[in-house]
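Participant: This is the structure, below, for whatever I ask next.
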Amino acid sequence: MAFAIVALLVLSLLIYYYSQSKSSCRCPLPPGPEKLPIVENLFHIPNGGFIWLEYAQMCRKYESDIIHLGALGNSIIVLNSNKAVNDLLDIKSSIYSSRPQTVMLGELMGWGSSTVLRPNDDLWKGQRKIMNQAMPPNDTQRFHPKLLNLTHDLLRALPHSDDVVKTLRTWAATFIIDVTYGLDVEVAETYLPTAIAVIESMSIAAMPGAFYVDQLPILKYIPVWFPGASFKRKAREWSKMRIKMTELTFNSVKQKLATGTATPSLTSVALGKMDHKLDLAKQEELIKTASVTAYAAGSDTTVSALGAFILAMLMSPEIQATAHLEIEQALGPVVRETMRHNPVAPLAVPHELTQDDIYKGYFLPKGSLIMANVWSILHDEEDYPEPDLFNPSRFLDADGKIDPEVKDPTIPAFGFGRRVCPGKHMALASLWIVVASILACYSIEPELDENGNLIKPKAKWYSGPTLFNHPLPFKCRFVPRSKDVEVSLALHLSA
């Protein structure tokens, strides 16, 4: 009987959504898969791995850089070109910069108040202000000493790593915890398991189509014990991890401030700028949310970018040799090509359209999820010939200088319009320093078999549902390029 009632409610809601999705506008929707009655394109929405490639294939099939899918009354628009993204998300950012409601990530897991998922309201503006105060775009020096110290730690750890991705993840999590909360390596280690698990859960839940409850919100009322309600059990556990991460780290900063032992961090800066004439509890909640969001947004993205770089160097020894010969000149193109070749977030976090719009003669309905296919933009053959080839020289002109005519891939890689990542400048600075340090100190070479022969490296990427694009665990050798590096490693190991 209970199942029949739920089924009746679901069917009624489906019919309601379907009737509400109809519009009187005479302009057609963008092309896309044929819609079925009621459920529309529910079963056409990719929900596995590499979904950006599936959306790109759809766009090629329908010969359009903008396609439309409908699902249970929800409208999904995929933008597959730099022009479409610029025309809508940048030029019309006033109506294209909100965020859609996410039931799994926002409601059930409790991330709805975070900067990444908030619409353009006062809560979002308050959190952005906190981040900009701690990480102003024109100042990358506040956390520069932290970055240098931890980069030295990474350089010493890499030669002894049997899992490069794991080593990078630990390093990145430690660095972001230090920047966000001012916690040193020893203290940060106690939070790393929870922090890394939080990031992994978010990257899965943030994928559009990963959980049907986002298309059919009524499912959130299903009891946890109900058959098929495993998503609710996951959400409950993931929410507990979020709360643990948020509260423990924030309280640690407050204790350090009280004892005068706090080091500069996003959280300590924000707490120091609180207005004591206003509600302190509300201000602290805002800082908590901004801080944990900054950590979540900065950790896995750095891992993905650095993992892609090391793997690219391993697979392209001739490029690595060029960078070694002229590191200062060649490094800029290497970093740019790393960001372009395997972008960190191939399908950017969806935007929400806040009013009806017309584009290229197509009707774009209010409330649509707008998904920018960053992968397609950065693999456009017109902008980047032979896009699947890792080729940093594509960014250089005949004189060996950065060619301003070649589009900078770091622009779409960090978001669009009013939703550009506030930590973009810090992410690029940290990536530049780490890449330069690794190339200056080491040659990245394949592993050896038992006979001392080189093992041909293979590049494999995670194919499960996730917002981020990162390589699977791999092994390689970091061979010191000078006696100074060898001596430094020896001193570290003997210490």
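Simple scheme: letters A, B, ... for chains in structure tokens order, numbers from 1 for residues in each chain, numbers from 1 for ligands in the order shown.
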Report as JSON, numbers by chain all protein, DNA and RNA residues lying within 12 Å of A:Arg481, evaluated on only C-alpha atoms, omitting residues in the same chain fewer than 6 positions from it.
Facilitator: {"A": [321, 324, 325, 437, 438, 439, 440, 441, 442, 443, 444, 445, 487]}
Participant: Sorted by chain and rising residue number, which residues of stretch 331-438 of chain A lie within 7 Å of stretch 30-52 of chain A, and what are their closest atom pairs and distances in Å to one decimal, counting only C-alpha atoms, as CSV?
Facilitator:
residue,atom,partner,partner_atom,distance
A:Pro346,CA,A:Trp52,CA,6.3
A:Leu347,CA,A:Trp52,CA,5.8
A:Tyr362,CA,A:Pro30,CA,5.4
A:Asn373,CA,A:Trp52,CA,6.2
A:Trp375,CA,A:Trp52,CA,6.5
Participant: Which residues, written as a ChimeraX atom specification, have at least one atom at most 12 Å from stretch 275-292 of chain A, with only C-alpha atoms counted and residues fewer than 5 positions away on the same chain left out?
Facilitator: /A:110-118,122-135,176-182,195,198-199,241-254,265-270,297-299,422
Participant: I'd like the interatomic distance between atom CA of A:Arg233 and atom CA of A:Ala294, to a tenth of an Å.
Facilitator: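 A separation of 26.0 Å between them.
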Participant: Of the residues A:Ser368, A:Ser239, A:Ser463, A:Gln355, which is the one nearest to A:Met104, using only C-alpha atoms?
Facilitator: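 The answer is A:Ser239, which sits nearest to A:Met104.
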Participant: Just want the 10 Å neighbourhood of stretch 160-162 of chain A, counted on only C-alpha atoms, with same-chain residues fewer than 6 positions away dropped. Output as a PDB file with C-alpha atoms, in the first residue's frame.
Facilitator:
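What ended up in part_24.pdb:
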ATOM      1  CA  LEU A 168      49.687  14.798  -4.370  1.00  0.00           C
ATOM      2  CA  PRO A 473      47.031   6.041  -9.394  1.00  0.00           C
ATOM      3  CA  PHE A 474      50.268   5.588 -11.314  1.00  0.00           C
ATOM      4  CA  LYS A 475      53.943   5.102 -10.579  1.00  0.00           C
ATOM      5  CA  CYS A 476      57.030   6.762 -11.986  1.00  0.00           C
ATOM      6  CA  ARG A 477      60.559   7.699 -10.935  1.00  0.00           C
ATOM      7  CA  PHE A 478      61.651  11.171  -9.910  1.00  0.00           C
TER       8      PHE A 478
END
Participant: Just checking: using only C-alpha atoms, which residue out of A:Phe143, A:Phe468, A:Tyr295, A:Trp461 ends up closest to A:Pro343?
Facilitator: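 Closest candidate: A:Phe468.
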Participant: Looking at only C-alpha atoms, which of A:Leu72, A:Val165, A:Ile67, A:Ala157 is the one that sits closest to A:Leu311?
Facilitator: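 Nearest candidate to A:Leu311 out of A:Leu72, A:Val165, A:Ile67, A:Ala157: A:Val165.
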Participant: Which parts of stretch 354-480 of chain A does DSSP call alpha helix (DSSP H) when run on the backbone here, written out as an mmCIF file with N, CA and C atoms, in the first residue's frame?
Facilitator:
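Done, and the output landed in states-v9.cif:
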data_model
loop_
_atom_site.group_PDB
_atom_site.id
_atom_site.type_symbol
_atom_site.label_atom_id
_atom_site.label_comp_id
_atom_site.auth_asym_id
_atom_site.auth_seq_id
_atom_site.Cartn_x
_atom_site.Cartn_y
_atom_site.Cartn_z
ATOM 1 N N VAL A 374 33.430 22.548 -20.678
ATOM 2 C CA VAL A 374 34.791 23.092 -20.736
ATOM 3 C C VAL A 374 35.702 22.196 -21.567
ATOM 4 N N TRP A 375 35.483 20.898 -21.480
ATOM 5 C CA TRP A 375 36.293 19.957 -22.256
ATOM 6 C C TRP A 375 36.201 20.275 -23.754
ATOM 7 N N SER A 376 34.993 20.449 -24.249
ATOM 8 C CA SER A 376 34.821 20.741 -25.674
ATOM 9 C C SER A 376 35.443 22.079 -26.056
ATOM 10 N N ILE A 377 35.278 23.073 -25.187
ATOM 11 C CA ILE A 377 35.838 24.397 -25.462
ATOM 12 C C ILE A 377 37.357 24.320 -25.599
ATOM 13 N N LEU A 378 37.990 23.532 -24.729
ATOM 14 C CA LEU A 378 39.446 23.444 -24.733
ATOM 15 C C LEU A 378 39.981 22.385 -25.694
ATOM 16 N N THR A 410 43.262 29.010 -19.260
ATOM 17 C CA THR A 410 42.968 29.199 -17.836
ATOM 18 C C THR A 410 41.707 30.029 -17.621
ATOM 19 N N ILE A 411 41.238 30.699 -18.685
ATOM 20 C CA ILE A 411 40.023 31.515 -18.541
ATOM 21 C C ILE A 411 38.793 30.626 -18.366
ATOM 22 N N PRO A 412 38.490 29.699 -19.303
ATOM 23 C CA PRO A 412 37.334 28.822 -19.070
ATOM 24 C C PRO A 412 37.563 27.795 -17.966
ATOM 25 N N ALA A 413 38.812 27.498 -17.656
ATOM 26 C CA ALA A 413 39.092 26.473 -16.644
ATOM 27 C C ALA A 413 38.664 26.883 -15.240
ATOM 28 N N LYS A 424 41.286 31.799 -8.033
ATOM 29 C CA LYS A 424 41.973 31.491 -9.294
ATOM 30 C C LYS A 424 43.437 31.903 -9.260
ATOM 31 N N HIS A 425 43.714 33.115 -8.823
ATOM 32 C CA HIS A 425 45.085 33.618 -8.839
ATOM 33 C C HIS A 425 45.998 32.791 -7.940
ATOM 34 N N MET A 426 45.462 32.341 -6.795
ATOM 35 C CA MET A 426 46.275 31.527 -5.892
ATOM 36 C C MET A 426 46.503 30.134 -6.475
ATOM 37 N N ALA A 427 45.478 29.580 -7.104
ATOM 38 C CA ALA A 427 45.619 28.259 -7.713
ATOM 39 C C ALA A 427 46.676 28.277 -8.811
ATOM 40 N N LEU A 428 46.650 29.316 -9.653
ATOM 41 C CA LEU A 428 47.637 29.407 -10.726
ATOM 42 C C LEU A 428 49.038 29.622 -10.167
ATOM 43 N N ALA A 429 49.139 30.451 -9.132
ATOM 44 C CA ALA A 429 50.452 30.702 -8.534
ATOM 45 C C ALA A 429 51.038 29.424 -7.929
ATOM 46 N N SER A 430 50.193 28.663 -7.222
ATOM 47 C CA SER A 430 50.682 27.427 -6.607
ATOM 48 C C SER A 430 51.044 26.396 -7.663
ATOM 49 N N LEU A 431 50.229 26.308 -8.719
ATOM 50 C CA LEU A 431 50.521 25.364 -9.792
ATOM 51 C C LEU A 431 51.846 25.719 -10.467
ATOM 52 N N TRP A 432 52.063 27.009 -10.722
ATOM 53 C CA TRP A 432 53.288 27.460 -11.373
ATOM 54 C C TRP A 432 54.512 27.109 -10.527
ATOM 55 N N ILE A 433 54.441 27.387 -9.231
ATOM 56 C CA ILE A 433 55.582 27.143 -8.349
ATOM 57 C C ILE A 433 55.891 25.653 -8.253
ATOM 58 N N VAL A 434 54.864 24.829 -8.095
ATOM 59 C CA VAL A 434 55.097 23.394 -7.943
ATOM 60 C C VAL A 434 55.624 22.791 -9.241
ATOM 61 N N VAL A 435 55.034 23.172 -10.366
ATOM 62 C CA VAL A 435 55.502 22.665 -11.653
ATOM 63 C C VAL A 435 56.959 23.064 -11.881
ATOM 64 N N ALA A 436 57.280 24.335 -11.629
ATOM 65 C CA ALA A 436 58.651 24.814 -11.807
ATOM 66 C C ALA A 436 59.606 24.058 -10.894
ATOM 67 N N SER A 437 59.206 23.830 -9.658
ATOM 68 C CA SER A 437 60.074 23.158 -8.697
ATOM 69 C C SER A 437 60.338 21.709 -9.097
ATOM 70 N N ILE A 438 59.288 21.015 -9.514
ATOM 71 C CA ILE A 438 59.460 19.613 -9.914
ATOM 72 C C ILE A 438 60.369 19.510 -11.133
ATOM 73 N N LEU A 439 60.129 20.358 -12.139
ATOM 74 C CA LEU A 439 60.951 20.298 -13.347
ATOM 75 C C LEU A 439 62.392 20.718 -13.082
ATOM 76 N N ALA A 440 62.589 21.658 -12.179
ATOM 77 C CA ALA A 440 63.945 22.103 -11.867
ATOM 78 C C ALA A 440 64.735 21.029 -11.132
ATOM 79 N N CYS A 441 64.047 20.230 -10.314
ATOM 80 C CA CYS A 441 64.741 19.253 -9.470
ATOM 81 C C CYS A 441 64.833 17.857 -10.079
#
Participant: Might you pull out every residue within 12 Å of A:Lys232, with only C-alpha atoms counted and same-chain residues fewer than 5 positions away left off, and present them as a ChimeraX atom specification?
Facilitator: /A:103-105,107-109,205,211-213,219-227,237-239
Participant: Emit the selected residues as a PDB file, in the first residue's frame, including N, CA and C atoms.
Facilitator:
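File result-v6.pdb, as written:
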ATOM      1  N   VAL A 103      19.238  18.806  -4.725  1.00  0.00           N
ATOM      2  CA  VAL A 103      18.641  18.111  -3.585  1.00  0.00           C
ATOM      3  C   VAL A 103      19.672  17.247  -2.870  1.00  0.00           C
ATOM      4  N   MET A 104      20.409  16.442  -3.631  1.00  0.00           N
ATOM      5  CA  MET A 104      21.369  15.535  -3.005  1.00  0.00           C
ATOM      6  C   MET A 104      22.485  16.308  -2.303  1.00  0.00           C
ATOM      7  N   LEU A 105      23.186  17.148  -3.050  1.00  0.00           N
ATOM      8  CA  LEU A 105      24.327  17.864  -2.492  1.00  0.00           C
ATOM      9  C   LEU A 105      23.895  19.011  -1.583  1.00  0.00           C
ATOM     10  N   GLU A 107      20.587  19.889  -0.204  1.00  0.00           N
ATOM     11  CA  GLU A 107      19.665  19.650   0.902  1.00  0.00           C
ATOM     12  C   GLU A 107      20.067  18.462   1.774  1.00  0.00           C
ATOM     13  N   LEU A 108      20.200  17.286   1.155  1.00  0.00           N
ATOM     14  CA  LEU A 108      20.419  16.075   1.932  1.00  0.00           C
ATOM     15  C   LEU A 108      21.811  16.026   2.551  1.00  0.00           C
ATOM     16  N   MET A 109      22.806  16.552   1.831  1.00  0.00           N
ATOM     17  CA  MET A 109      24.173  16.539   2.359  1.00  0.00           C
ATOM     18  C   MET A 109      24.509  17.825   3.112  1.00  0.00           C
ATOM     19  N   ALA A 205      28.512  13.683  -5.769  1.00  0.00           N
ATOM     20  CA  ALA A 205      27.152  14.214  -5.665  1.00  0.00           C
ATOM     21  C   ALA A 205      26.922  15.424  -6.559  1.00  0.00           C
ATOM     22  N   PHE A 211      22.304  11.344  -9.325  1.00  0.00           N
ATOM     23  CA  PHE A 211      21.264  10.839  -8.438  1.00  0.00           C
ATOM     24  C   PHE A 211      19.899  11.321  -8.939  1.00  0.00           C
ATOM     25  N   TYR A 212      18.974  10.387  -9.075  1.00  0.00           N
ATOM     26  CA  TYR A 212      17.655  10.722  -9.615  1.00  0.00           C
ATOM     27  C   TYR A 212      16.878  11.687  -8.723  1.00  0.00           C
ATOM     28  N   VAL A 213      17.249  11.770  -7.439  1.00  0.00           N
ATOM     29  CA  VAL A 213      16.524  12.661  -6.545  1.00  0.00           C
ATOM     30  C   VAL A 213      16.659  14.117  -6.990  1.00  0.00           C
ATOM     31  N   LEU A 219      11.518  12.239  -4.176  1.00  0.00           N
ATOM     32  CA  LEU A 219      12.193  11.045  -3.662  1.00  0.00           C
ATOM     33  C   LEU A 219      12.900  11.303  -2.339  1.00  0.00           C
ATOM     34  N   LYS A 220      13.152  12.569  -2.017  1.00  0.00           N
ATOM     35  CA  LYS A 220      13.850  12.868  -0.761  1.00  0.00           C
ATOM     36  C   LYS A 220      13.002  12.514   0.457  1.00  0.00           C
ATOM     37  N   TYR A 221      11.697  12.319   0.253  1.00  0.00           N
ATOM     38  CA  TYR A 221      10.807  11.971   1.363  1.00  0.00           C
ATOM     39  C   TYR A 221      10.728  10.469   1.602  1.00  0.00           C
ATOM     40  N   ILE A 222      11.370   9.668   0.750  1.00  0.00           N
ATOM     41  CA  ILE A 222      11.375   8.225   0.951  1.00  0.00           C
ATOM     42  C   ILE A 222      12.148   7.902   2.231  1.00  0.00           C
ATOM     43  N   PRO A 223      11.629   7.026   3.086  1.00  0.00           N
ATOM     44  CA  PRO A 223      12.351   6.667   4.318  1.00  0.00           C
ATOM     45  C   PRO A 223      13.710   6.045   4.007  1.00  0.00           C
ATOM     46  N   VAL A 224      14.641   6.199   4.915  1.00  0.00           N
ATOM     47  CA  VAL A 224      15.989   5.669   4.718  1.00  0.00           C
ATOM     48  C   VAL A 224      15.971   4.160   4.522  1.00  0.00           C
ATOM     49  N   TRP A 225      15.045   3.468   5.188  1.00  0.00           N
ATOM     50  CA  TRP A 225      15.015   2.011   5.126  1.00  0.00           C
ATOM     51  C   TRP A 225      14.337   1.487   3.871  1.00  0.00           C
ATOM     52  N   PHE A 226      13.717   2.388   3.080  1.00  0.00           N
ATOM     53  CA  PHE A 226      12.936   1.975   1.918  1.00  0.00           C
ATOM     54  C   PHE A 226      13.858   1.395   0.842  1.00  0.00           C
ATOM     55  N   PRO A 227      13.414   0.324   0.144  1.00  0.00           N
ATOM     56  CA  PRO A 227      14.233  -0.232  -0.951  1.00  0.00           C
ATOM     57  C   PRO A 227      14.552   0.843  -1.996  1.00  0.00           C
ATOM     58  N   GLU A 237      25.581   9.839   5.764  1.00  0.00           N
ATOM     59  CA  GLU A 237      26.973   9.655   6.153  1.00  0.00           C
ATOM     60  C   GLU A 237      27.845  10.796   5.650  1.00  0.00           C
ATOM     61  N   TRP A 238      27.603  11.230   4.424  1.00  0.00           N
ATOM     62  CA  TRP A 238      28.396  12.325   3.851  1.00  0.00           C
ATOM     63  C   TRP A 238      28.143  13.636   4.589  1.00  0.00           C
ATOM     64  N   SER A 239      26.912  13.838   5.056  1.00  0.00           N
ATOM     65  CA  SER A 239      26.595  15.042   5.819  1.00  0.00           C
ATOM     66  C   SER A 239      27.324  15.044   7.163  1.00  0.00           C
TER      67      SER A 239
END
Participant: My list of candidates is A:Leu183, A:Met315, A:Leu53, A:Leu216. Which is closest to A:Lys456 when distances are computed with only C-alpha atoms?
Facilitator: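 That would be A:Met315, the residue with the smallest distance to A:Lys456.
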Participant: Can you tell me how far atom CA of A:Lys460 sits from atom CA of A:Pro193, in Å to one decimal?
Facilitator: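 These atoms are spaced 24.3 Å apart.
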Participant: Atom CA of A:Lys360 and atom CA of A:Asp388 are how many Å apart?
Facilitator: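 If I compute the distance from atom CA of A:Lys360 to atom CA of A:Asp388, I get 29.4 Å.
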Participant: Could you tell me which of A:Pro446, A:Gly209, A:Asn80, A:Val406 comes closest to A:Thr466 if we count only C-alpha atoms?
Facilitator: A:Gly209
